[in-house]
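*Asks:* Starting off with a structure, shown below.
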Amino acid sequence: PRLDIFMLWDFGLNPTCIITQRTPLGPWNFLDCMVGDGIGVEELIQNWVRPLWEDRYAKLKCTIRHIGDPAGLTREASSSARSAVRAVRHHMGGTWRSGPVKLRERLDPLQSALTRTVGGRGMIQVDRDRCPQLWHALRGGYYFHVSRTGITSSEPVKNIHSHPGDAAGYGAAVLYPIGRAI
């Protein structure tokens, strides 16, 4: 059987790629995380994602599935033939699935997955050495601002932790969706 690898993406000038795996026994393993700073997704892929992939994963004959920010489908102003998703698929191969646009549709599945256990351990397992950005995001770096008057912001604070948090949310929404109560 082939190994399924899910690459979770957030775009912008701080593009993020998180390499994950769902195991047959239930855990969702976060294996590697790369966050760019002031670069585009092509630079992230060429400088970090592709070399890491060749070094650690290419020999495993993995099936790649990409999940991420639906804004990546938007064509660039410099060329209508270019978009972040096209760059991902061109350089990495695999299939693409956009995560939901609405914040609650991303955060609720992520929060639910974070509370699940498999064999007495958390379902989500993060390699803190290879995914420090996500590790810190899930330990409080990805949060909503609460004012002195107790009013909570409607969006998470945009900081270095929000990009890995958003990417993980897109993945959770697609891989572990929560049904709607009727």
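Order determines the names: the first chain of the structure tokens is A, the second B, and so forth; residues in each chain are numbered 1 upward, and ligands are numbered 1 upward as they are shown.
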I'd like the contact shell of stretch 152-160 of chain A - 12 Å cut-off, only C-alpha atoms, skipping same-chain residues fewer than 4 positions apart - returned as a PDB file with C-alpha atoms, in the first residue's frame.
*Replies:*
```pdb
ATOM      1  CA  LEU A  13       3.940  36.647   1.751  1.00  0.00           C
ATOM      2  CA  ASN A  14       4.406  34.193   4.615  1.00  0.00           C
ATOM      3  CA  PRO A  15       3.508  30.989   2.762  1.00  0.00           C
ATOM      4  CA  THR A  16       3.297  27.876   4.896  1.00  0.00           C
ATOM      5  CA  MET A  34       8.010  25.365   6.774  1.00  0.00           C
ATOM      6  CA  VAL A  35       6.979  29.018   7.009  1.00  0.00           C
ATOM      7  CA  GLY A  36       8.389  31.614   4.626  1.00  0.00           C
ATOM      8  CA  ASP A  37       8.989  35.230   5.545  1.00  0.00           C
ATOM      9  CA  GLY A  38       8.414  37.861   2.875  1.00  0.00           C
ATOM     10  CA  LYS A 102     -15.409  30.571   6.622  1.00  0.00           C
ATOM     11  CA  LEU A 103     -13.334  30.655   9.781  1.00  0.00           C
ATOM     12  CA  ARG A 104     -15.676  28.555  11.957  1.00  0.00           C
ATOM     13  CA  ARG A 106     -11.921  25.566   9.775  1.00  0.00           C
ATOM     14  CA  LEU A 107     -11.530  26.146  13.500  1.00  0.00           C
ATOM     15  CA  PRO A 132       8.220  24.274  15.929  1.00  0.00           C
ATOM     16  CA  GLN A 133       6.011  26.929  14.296  1.00  0.00           C
ATOM     17  CA  LEU A 134       2.921  24.693  14.500  1.00  0.00           C
ATOM     18  CA  TRP A 135       3.880  23.457  17.970  1.00  0.00           C
ATOM     19  CA  HIS A 136       3.894  27.032  19.280  1.00  0.00           C
ATOM     20  CA  ALA A 137       0.750  27.962  17.327  1.00  0.00           C
ATOM     21  CA  GLY A 140      -1.370  29.384  22.416  1.00  0.00           C
ATOM     22  CA  GLY A 141       0.349  31.361  19.662  1.00  0.00           C
ATOM     23  CA  TYR A 142      -2.722  31.051  17.407  1.00  0.00           C
ATOM     24  CA  TYR A 143      -5.362  32.949  19.376  1.00  0.00           C
ATOM     25  CA  PHE A 144      -8.105  35.564  19.377  1.00  0.00           C
ATOM     26  CA  HIS A 145      -7.388  38.944  20.949  1.00  0.00           C
ATOM     27  CA  VAL A 146      -9.499  39.712  24.019  1.00  0.00           C
ATOM     28  CA  SER A 147      -9.795  43.414  24.845  1.00  0.00           C
ATOM     29  CA  ARG A 148      -9.772  44.821  28.366  1.00  0.00           C
ATOM     30  CA  PRO A 164       0.575  27.409  10.480  1.00  0.00           C
ATOM     31  CA  GLY A 165      -2.685  27.630  12.433  1.00  0.00           C
ATOM     32  CA  ASP A 166      -4.651  28.502   9.295  1.00  0.00           C
ATOM     33  CA  GLY A 169      -7.377  24.437  10.037  1.00  0.00           C
TER      34      GLY A 169
END
```
*Asks:* Mind listing the strand (DSSP E) residues of stretch 44-162 of chain A, per DSSP on the backbone, as a count of residues only?
*Replies:* 25
*Asks:* Env of stretch 64-76 of chain A: 7 Å cut, atoms = only C-alpha atoms, seq-sep filter 3 positions within chain, self excluded. Answer as JSON, numbers by chain.
*Replies:* {"A": [4, 5, 6, 7, 8, 9, 10, 11, 79, 80, 81, 82, 83, 84, 85, 94, 95, 96, 97, 98, 99, 101, 167, 170, 171]}
*Asks:* Need the shell around A:Ile45: protein/DNA/RNA residues with any atom at most 9 Å away, counting only C-alpha atoms. Skip same-chain ones fewer than 6 positions apart. Format as a list of chain:residue names?
*Replies:*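 Contacts, with the query itself left out: A:Cys17, A:Pro51, A:Ala87, A:Val88, A:His91, A:Met92.
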*Asks:* Create the file for the chosen residues now, containing C-alpha atoms and written as a PDB file, in the first residue's frame.
*Replies:*
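Final output, saved to selection-v5.pdb:
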```
ATOM      1  CA  CYS A  17       3.553  24.180   4.091  1.00  0.00           C
ATOM      2  CA  PRO A  51      14.725  19.796  -1.077  1.00  0.00           C
ATOM      3  CA  ALA A  87       2.830  26.443  -8.605  1.00  0.00           C
ATOM      4  CA  VAL A  88       2.231  23.815  -5.914  1.00  0.00           C
ATOM      5  CA  HIS A  91       6.505  21.647  -8.557  1.00  0.00           C
ATOM      6  CA  MET A  92       5.129  18.951  -6.239  1.00  0.00           C
TER       7      MET A  92
END
```
